[in-house]
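File shown here: input-v5.tsv, holding TSV, C-alpha atoms.
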```tsv
chain	number	residue	atom	x	y	z
A	1	LEU	CA	197.56	-44.24	172.08
A	2	LEU	CA	195.39	-43.39	169.08
A	3	VAL	CA	193.22	-40.36	169.94
A	4	HIS	CA	191.81	-39.45	166.53
A	5	PRO	CA	190.48	-41.44	163.55
A	6	ASP	CA	192.99	-39.73	161.22
A	7	GLY	CA	195.88	-41.46	162.99
A	8	TYR	CA	196.95	-39.01	165.69
A	9	VAL	CA	198.90	-40.68	168.48
A	10	LEU	CA	199.54	-39.32	171.96
A	11	THR	CA	202.56	-40.44	174.00
A	12	THR	CA	205.24	-39.16	176.34
A	13	HIS	CA	207.84	-36.75	175.01
A	14	HIS	CA	210.74	-38.43	176.80
A	15	SER	CA	210.02	-41.73	175.02
A	16	LEU	CA	211.05	-40.06	171.73
A	17	ALA	CA	214.45	-38.93	173.03
A	18	GLY	CA	217.22	-39.91	170.65
A	19	MET	CA	214.84	-41.44	168.11
A	20	LYS	CA	215.21	-40.32	164.51
A	21	ASP	CA	212.42	-42.39	162.99
A	22	VAL	CA	209.43	-43.37	165.10
A	23	MET	CA	207.36	-46.40	164.11
A	24	VAL	CA	204.03	-47.08	165.79
A	25	GLU	CA	202.45	-50.52	166.05
A	26	VAL	CA	198.70	-50.61	165.46
A	27	GLN	CA	196.70	-53.77	166.10
A	28	SER	CA	194.42	-54.70	163.22
A	29	ALA	CA	192.10	-57.60	162.42
A	30	ASN	CA	195.03	-59.13	160.51
A	31	GLY	CA	197.57	-58.69	163.31
A	32	PRO	CA	199.99	-55.88	164.08
A	33	ARG	CA	200.80	-53.26	161.46
A	34	TYR	CA	203.57	-50.68	161.64
A	35	PHE	CA	203.39	-47.07	160.51
A	36	GLY	CA	205.98	-44.35	160.24
A	37	THR	CA	205.12	-41.10	162.00
A	38	ARG	CA	205.91	-37.44	162.10
A	39	VAL	CA	206.04	-35.42	165.28
A	40	VAL	CA	203.25	-32.85	165.10
A	41	LYS	CA	203.91	-31.07	168.40
A	42	THR	CA	205.56	-31.70	171.73
A	43	HIS	CA	205.04	-30.14	175.12
A	44	ALA	CA	208.17	-30.94	177.11
A	45	GLN	CA	206.96	-29.42	180.39
A	46	HIS	CA	204.12	-31.95	180.60
A	47	ASP	CA	206.14	-34.67	178.85
A	48	LEU	CA	203.65	-34.98	175.99
A	49	ALA	CA	204.05	-35.62	172.27
A	50	LEU	CA	201.48	-35.70	169.49
A	51	LEU	CA	202.40	-37.81	166.46
A	52	LYS	CA	200.66	-38.39	163.14
A	53	LEU	CA	200.75	-41.76	161.41
A	54	LEU	CA	202.01	-41.38	157.84
A	55	THR	CA	198.92	-42.79	156.18
A	56	THR	CA	195.50	-41.65	155.03
A	57	GLU	CA	193.81	-44.65	156.65
A	58	ARG	CA	191.19	-44.20	159.37
A	59	PHE	CA	191.51	-45.87	162.77
A	60	LEU	CA	189.59	-46.86	165.85
A	61	PHE	CA	190.61	-44.54	168.67
A	62	LEU	CA	189.99	-43.67	172.31
A	63	THR	CA	188.29	-40.43	173.28
A	64	LEU	CA	189.45	-38.03	175.96
A	65	THR	CA	187.10	-37.47	178.87
A	66	ARG	CA	184.76	-34.55	178.38
A	67	PRO	CA	185.63	-31.10	179.74
A	68	GLY	CA	184.46	-30.84	183.34
A	69	TYR	CA	185.01	-34.54	184.06
A	70	ARG	CA	186.13	-35.10	187.67
A	71	PRO	CA	188.48	-38.11	187.81
A	72	ALA	CA	188.45	-38.21	191.61
A	73	SER	CA	184.78	-39.18	191.41
A	74	GLN	CA	185.68	-42.35	189.47
A	75	PRO	CA	186.10	-45.26	191.91
A	76	SER	CA	188.01	-47.54	189.54
A	77	LEU	CA	190.50	-46.57	186.86
A	78	SER	CA	192.74	-48.73	184.68
A	79	ALA	CA	196.29	-47.74	183.80
A	80	LEU	CA	197.63	-49.57	180.74
A	81	GLY	CA	201.12	-50.03	179.38
A	82	LYS	CA	203.29	-52.50	177.47
A	83	THR	CA	206.52	-54.28	178.26
A	84	ALA	CA	209.41	-54.20	175.79
A	85	GLY	CA	208.23	-57.65	174.69
A	86	GLY	CA	204.72	-56.35	173.98
A	87	ALA	CA	202.91	-57.85	176.98
A	88	LEU	CA	200.09	-55.78	178.43
A	89	VAL	CA	200.64	-54.24	181.87
A	90	ARG	CA	197.46	-53.20	183.67
A	91	GLY	CA	196.87	-51.63	187.04
A	92	GLN	CA	193.58	-50.88	188.78
A	93	GLY	CA	193.15	-48.01	191.18
A	94	ALA	CA	191.82	-44.52	191.69
A	95	VAL	CA	192.94	-40.91	191.73
A	96	VAL	CA	194.71	-40.23	195.02
A	97	ALA	CA	195.15	-36.47	194.49
A	98	GLU	CA	194.40	-33.81	191.89
A	99	GLY	CA	196.35	-30.66	191.03
A	100	VAL	CA	199.68	-32.22	192.00
A	101	ARG	CA	202.93	-30.34	191.32
A	102	LEU	CA	206.03	-32.38	190.57
A	103	ASN	CA	209.63	-31.86	189.48
A	104	ILE	CA	210.88	-34.58	187.14
A	105	GLY	CA	214.25	-34.23	185.47
A	106	GLY	CA	214.29	-30.47	185.95
A	107	ARG	CA	210.76	-30.05	184.58
A	108	HIS	CA	208.26	-28.40	186.88
A	109	MET	CA	204.95	-30.11	186.10
A	110	THR	CA	201.61	-28.86	187.37
A	111	HIS	CA	197.96	-29.95	187.30
A	112	LEU	CA	198.83	-33.65	187.50
A	113	LEU	CA	196.71	-36.47	188.87
A	114	GLN	CA	198.31	-38.86	191.34
A	115	THR	CA	196.99	-42.40	190.96
A	116	ASP	CA	197.66	-45.75	192.56
A	117	ALA	CA	196.66	-47.47	189.29
A	118	VAL	CA	200.12	-46.73	187.89
A	119	HIS	CA	202.74	-48.96	189.52
A	120	SER	CA	205.19	-49.95	186.77
A	121	TRP	CA	207.60	-48.09	184.48
A	122	GLU	CA	206.00	-49.88	181.53
A	123	GLN	CA	202.76	-47.96	182.12
A	124	GLY	CA	204.47	-44.63	181.38
A	125	GLY	CA	203.04	-43.13	178.19
A	126	GLY	CA	200.00	-45.41	178.32
A	127	PRO	CA	196.43	-44.32	179.01
A	128	LEU	CA	194.65	-43.97	182.32
A	129	LEU	CA	191.10	-45.07	181.47
A	130	ASN	CA	187.76	-44.78	183.24
A	131	ASP	CA	185.07	-47.48	183.17
A	132	ARG	CA	183.75	-46.09	179.85
A	133	ALA	CA	187.19	-46.58	178.22
A	134	GLU	CA	187.67	-42.82	178.01
A	135	VAL	CA	191.17	-41.41	178.42
A	136	VAL	CA	191.42	-39.71	181.81
A	137	GLY	CA	195.12	-38.98	181.24
A	138	ILE	CA	198.52	-40.15	180.05
A	139	ASN	CA	200.50	-42.11	182.63
A	140	LEU	CA	203.78	-40.95	184.15
A	141	VAL	CA	205.95	-42.76	186.68
A	142	ALA	CA	208.40	-41.02	189.00
A	143	ARG	CA	210.41	-41.82	192.10
A	144	ASP	CA	209.59	-39.91	195.27
A	145	GLU	CA	212.18	-38.57	197.74
A	146	ASN	CA	212.43	-42.05	199.31
A	147	GLY	CA	213.01	-43.79	195.97
A	148	ALA	CA	209.54	-45.37	195.79
A	149	ARG	CA	207.72	-45.40	192.44
A	150	ARG	CA	204.66	-43.16	192.28
A	151	GLY	CA	202.06	-43.03	189.54
A	152	TYR	CA	200.76	-39.85	187.98
A	153	ALA	CA	198.81	-38.86	184.90
A	154	VAL	CA	198.67	-35.74	182.77
A	155	PRO	CA	194.90	-35.14	182.74
A	156	ALA	CA	192.79	-34.96	179.59
A	157	THR	CA	192.05	-31.27	180.25
A	158	VAL	CA	195.78	-30.46	180.10
A	159	ILE	CA	196.26	-32.63	176.99
A	160	ARG	CA	193.37	-30.89	175.26
A	161	SER	CA	194.71	-27.43	176.15
A	162	HIS	CA	198.17	-28.19	174.69
A	163	PHE	CA	197.01	-29.64	171.38
A	164	GLN	CA	193.59	-28.12	170.63
A	165	ASP	CA	195.27	-25.63	168.28
A	166	LEU	CA	196.12	-28.56	165.96
A	167	ILE	CA	193.32	-31.09	166.25
A	168	THR	CA	189.81	-31.29	167.56
A	169	PHE	CA	189.59	-34.26	169.88
A	170	PRO	CA	186.44	-36.17	168.93
A	171	ALA	CA	183.73	-36.48	171.56
A	172	ARG	CA	182.37	-39.84	172.61
A	173	THR	CA	179.19	-40.80	170.82
A	174	GLY	CA	176.40	-42.92	172.23
A	175	THR	CA	176.17	-44.02	175.85
```

Please rewrite the model in this file as structure tokens.
Amino acid sequence: LLVHPDGYVLTTHHSLAGMKDVMVEVQSANGPRYFGTRVVKTHAQHDLALLKLLTTERFLFLTLTRPGYRPASQPSLSALGKTAGGALVRGQGAVVAEGVRLNIGGRHMTHLLQTDAVHSWEQGGGPLLNDRAEVVGINLVARDENGARRGYAVPATVIRSHFQDLITFPARTGT
């Protein structure tokens, strides 16, 4: 998920496990292009990673929702992801709960959003978007105590707080 015109990419930390070299596919007018990356910073507790594409090119990107945005007030959200074959996975839904605490793999995560828009493992690491195509959060999928899949998102406010020491997330321009 490109979140800055200079080629900063946001994803889940666990998706990098065991990877030495990380390549990111970026869609362009001429088809997919692949870029090497470097890991800029990770935040394991919230399962987040910030990468930088190894290029000086500029990119189209998605903006994070503004500070103070209330995702529970948004009636329809889209959770995106990709299958291993590259097919788009999309779910529609809303925020079910805010401020959720969760233990995943020994990590105690706080301040999460629970959403019914996330229903598939392939959506993990993808964006949860509002109707203005702003990033509400980064999708996570976990099993509950009964083994059912539940969708969550690390909200934009948490993302911003973990990485604002390294980059300034651009604000949306226009309406």

Nearest residue to Arg90 (chain A) from the set A:His111, A:His46, A:His119, A:Arg66 (distances using all atoms listed in the file):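 The shortest atom-to-atom distance to Arg90 (chain A) comes from A:His119.
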
Using Å and a single decimal, report how far CA of Pro75 (chain A) sits from CA of Ala49 (chain A). 28.3 Å

Might you pull out every residue within 6 Å of Gly93 (chain A), with all atoms listed in the file counted and same-chain residues fewer than 5 positions away left off, and present them as a PyMOL selection string? chain A and resi 76-77+116-117

Nearest residue to Phe163 (chain A) out of A:His4, A:Lys41, A:His13, A:Lys20, using all atoms listed in the file?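 Counting all atoms listed in the file, the residue closest to Phe163 (chain A) is A:Lys41.
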
Excluding same-chain residues fewer than 3 positions from region 128-143 of chain A, what lies within 8 Å of it counting all atoms listed in the file, as a PyMOL selection string? chain A and resi 11-12+62-65+71+74+76-80+104+118-121+123-125+146-156+159

May I ask for the distance between CA of Thr115 (chain A) and CA of Ala97 (chain A), given in Å to one decimal place?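 So the two atoms, CA of Thr115 (chain A) and CA of Ala97 (chain A), lie 7.1 Å apart.
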
Interatomic distance between CA of Gly36 (chain A) and CA of Arg58 (chain A)?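 Going from CA of Gly36 (chain A) over to CA of Arg58 (chain A) covers 14.8 Å.
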
Pick from A:Asp47, A:Gln114, A:Gly86, A:Arg101: nearest to Glu25 (chain A), with all atoms listed in the file counted?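 Smallest separation from Glu25 (chain A) among the options: A:Gly86.
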
When you count only C-alpha atoms, which of these residues is closest to Met23 (chain A): A:Tyr8, A:Phe61, A:Phe35, A:Tyr69?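 Comparing A:Tyr8, A:Phe61, A:Phe35, A:Tyr69 against Met23 (chain A), the winner is A:Phe35.
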
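Residue nearest Val40 (chain A) within the list A:Arg70, A:His14, A:His108, A:Lys52: A:Lys52 [criterion: smallest interatomic distance, all atoms listed in the file].
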
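Using only C-alpha atoms for every distance, the candidate list A:Ala29, A:Leu60, A:Val100, A:Ala44 yields A:Leu60 as the residue closest to Val9 (chain A).
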